[in-house]
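Student: First the structure, which I've put down as structure tokens, then a few questions once you've had a look.
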Amino acid sequence: MQTKIFTPDQIDQAAAKINQGELVSFPTETVYGLGADATNVSAVEKVYAAKGRPSDNPLIVHVADVATVEKYSLPLDEKVKKLIKQFWPGPLTIILKLKKDALSKKVTGGLETAAFRNPANDATISLIKEAGVPLVGPSANTSGKPSPTLAEHVYHDLNGKIAGILDAGPTKFGVESTVIDMSTDTPVILRPGAVTKEQLEEVIGEVEESGKKVTNDEIPKAPGMKYTHYSPNASVEIVDSDEDWDDVISFSQSQDHQVGILATDKILNKQNWPKNCVTFSLQNSINTASHLLFAGLRKFDLNPEIKTIFVQGFPDVGLGDAYMNRLSKSAGQKHFKKV
Ligand code: TXA
Ligand code: MG
């Protein structure tokens, strides 16, 4: 299959592919998604096959309006309405109880709930409207690899396996949406993202956090949280403190392979990096670091000489919560020095 790149003025062609049951990757404000008609079971099955995704891992349903959510979900309660008013369109995915058999088991993974999201991206909202159906959309990467923040990342992983990619440039946030479960008595954050716990609590009061505490022997509430994620072929280690970089350099000098360094300019400019170190800048803040983390990991993954990657850690607050959640998974919880 030839994978076609669609520009935002070719949305009618991209929508036609969706309506034919084909897969089209779409941009969002978080990462690129792998789109299929959520009401077409055989199209949804193709999503799992293209990604190599375990079939018990449910998909997010992307909508252009709240009316589409209400078509499938039980009536929305006040807290859900407040979240929608405050954060949609935007990087918040809301898990809701469904009307009986409203969506295919291929979408829900057999759960009685589904995840809904209204992405803040004009091209994708037009695509959903033009296709006239909601779109399932996991991140458009090969399962286990870092999520794509550029159309070329999608092309690298899925060229030949999908009908097209709607290219609207780099995504804004670079980490996936916050997932909040509103089907339980107390709302629970299943995956931290660009909408923070503090922001959510300002709108609906107390929320619990489960996503970041998931360990291997626990059954996570978001089925996706139990799988390996964001993993380049090289070994990834988190560097927690600015003072540790001198030791990273000593370690790197003793290695006979190349070492990838993913850090802000402040760190990169301070040091004299040995010849076998390849650097990638996270620029200057947690915002730019979140935006660039997956792109950096992917860049290093293209270089087979790099066997170890050191990545700057950030405080676990605000957007840092989402950043550290993704980085910890990528590193398999490995911290430099603390091994
Ligand atoms: O930013 C994002 O959310 C991106 C863009 C493309 O929208 N999408 C994305 O999808 O990250 P995906 O499939 O990679 O992650 C969805 C997460 C998975 O961990 C999945 O297990 C969880 O949401 N999830 C989906 N439906 C669920 C449900 N009914 N109950 C609990 N967790 C659910
Ligand atoms: Mg994903």
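Residues are referred to by chain and number: the chain letter is A, B, ... according to the order shown in the structure tokens, the number counts from 1 in that chain, and ligands are numbered separately from 1 in the order shown.
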Do you know which residues are within 10 Å of ligand 2 using only C-alpha atoms and all ligand atoms? Can you write them as number ranges by chain?
Tutor: A: 31-34, 51, 53, 57, 59, 137-148, 175-176, 224-225, 227, 229-230
Student: Would you list the contacts of Gly320 (chain A) as a list of chain:residue names, taking every protein, DNA or RNA residue within 9 Å and counting only C-alpha atoms, but skipping same-chain residues closer than 4 positions in sequence?
Tutor: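 Using only C-alpha atoms, the neighbours found are A:Ile286, A:Asn287, A:Ser290, A:Gly313, A:Phe314, A:Pro315, A:Asp316, A:Met324, A:Asn325.
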Student: Name the residues in contact with Val61 (chain A) at a cut-off of 12 Å, using only C-alpha atoms, excluding same-chain residues fewer than 5 positions from it; report them as a ChimeraX atom specification.
Tutor: /A:33-39,44,66,68-69,72-73,93-96,103-104,106-108,113-119,128,133-138
Student: What is the distance, in Å and to one decimal place, between CA of Ser210 (chain A) and CA of Leu282 (chain A)?
Tutor: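 Between CA of Ser210 (chain A) and CA of Leu282 (chain A) the gap is 27.6 Å.
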Student: Could you give me the residues within region 73-300 of chain A that DSSP places in strand (DSSP E), as a ChimeraX atom specification?
Tutor: /A:92-97,113-117,135-136,164-166,178-181,188-191,208-209,235-239,258-263,277-281
Student: Write out as a ChimeraX atom specification each polymer residue whose atoms come within 7 Å of Ser330 (chain A), counting only C-alpha atoms; drop sequence neighbours fewer than 2 positions from it.
Tutor: /A:229-231,236,326-328,332
Student: Report as a short mmCIF file (atom, residue, chain, number, x, y, z; two decimals) with all heavy atoms, in the first residue's frame all protein, DNA and RNA residues lying within 7 Å of region 262-268 of chain A, evaluated on only C-alpha atoms, omitting residues in the same chain fewer than 6 positions from it.
Tutor:
```cif
data_model
loop_
_atom_site.label_atom_id
_atom_site.label_comp_id
_atom_site.auth_asym_id
_atom_site.auth_seq_id
_atom_site.Cartn_x
_atom_site.Cartn_y
_atom_site.Cartn_z
N THR A 279 24.45 14.96 21.16
CA THR A 279 23.49 15.71 21.98
C THR A 279 22.24 16.08 21.19
O THR A 279 22.27 16.23 19.97
CB THR A 279 24.12 17.01 22.54
OG1 THR A 279 24.51 17.84 21.44
CG2 THR A 279 25.32 16.70 23.42
N PHE A 280 21.13 16.21 21.92
CA PHE A 280 19.86 16.69 21.35
C PHE A 280 19.26 17.64 22.38
O PHE A 280 19.11 17.27 23.55
CB PHE A 280 18.92 15.51 21.08
CG PHE A 280 17.62 15.90 20.39
CD1 PHE A 280 17.46 15.72 19.02
CD2 PHE A 280 16.55 16.43 21.12
CE1 PHE A 280 16.27 16.06 18.38
CE2 PHE A 280 15.36 16.78 20.48
CZ PHE A 280 15.22 16.59 19.11
N SER A 281 18.92 18.86 21.95
CA SER A 281 18.49 19.87 22.92
C SER A 281 17.00 19.79 23.24
O SER A 281 16.16 19.73 22.35
CB SER A 281 18.80 21.26 22.37
OG SER A 281 18.22 22.24 23.23
N LEU A 282 16.72 19.82 24.54
CA LEU A 282 15.33 19.95 25.00
C LEU A 282 14.98 21.43 25.19
O LEU A 282 13.96 21.76 25.80
CB LEU A 282 15.13 19.19 26.31
CG LEU A 282 15.27 17.66 26.25
CD1 LEU A 282 15.22 17.06 27.66
CD2 LEU A 282 14.20 17.04 25.37
N GLN A 283 15.88 22.30 24.70
CA GLN A 283 15.75 23.76 24.80
C GLN A 283 15.74 24.24 26.25
O GLN A 283 16.65 23.89 26.98
CB GLN A 283 14.58 24.25 23.97
CG GLN A 283 14.83 23.91 22.48
CD GLN A 283 13.74 24.42 21.57
OE1 GLN A 283 12.80 25.09 21.97
NE2 GLN A 283 13.87 24.09 20.29
N ASN A 284 14.71 24.98 26.69
CA ASN A 284 14.95 25.71 27.95
C ASN A 284 13.94 25.53 29.07
O ASN A 284 14.05 26.18 30.10
CB ASN A 284 15.06 27.21 27.61
CG ASN A 284 13.86 27.65 26.77
OD1 ASN A 284 12.76 27.13 26.96
ND2 ASN A 284 14.08 28.55 25.83
N GLY A 296 13.40 13.54 20.38
CA GLY A 296 14.81 13.26 20.73
C GLY A 296 15.06 11.76 20.82
O GLY A 296 16.04 11.25 20.26
N PHE A 310 21.12 9.23 27.97
CA PHE A 310 20.86 9.88 29.26
C PHE A 310 19.90 11.04 29.03
O PHE A 310 20.10 11.87 28.13
CB PHE A 310 22.16 10.40 29.86
CG PHE A 310 23.07 9.29 30.31
CD1 PHE A 310 24.21 8.96 29.57
CD2 PHE A 310 22.78 8.55 31.45
CE1 PHE A 310 25.04 7.93 29.97
CE2 PHE A 310 23.61 7.52 31.86
CZ PHE A 310 24.74 7.19 31.12
N VAL A 311 18.85 11.10 29.85
CA VAL A 311 17.83 12.13 29.67
C VAL A 311 17.64 12.92 30.97
O VAL A 311 17.54 12.33 32.06
CB VAL A 311 16.47 11.53 29.26
CG1 VAL A 311 15.50 12.64 28.88
CG2 VAL A 311 16.62 10.54 28.11
N GLN A 312 17.58 14.22 30.85
CA GLN A 312 17.40 15.09 32.01
C GLN A 312 16.04 14.86 32.67
O GLN A 312 15.01 14.86 32.00
CB GLN A 312 17.52 16.55 31.54
CG GLN A 312 17.43 17.56 32.67
CD GLN A 312 17.71 18.97 32.16
OE1 GLN A 312 18.22 19.15 31.04
NE2 GLN A 312 17.40 19.96 32.96
#
```
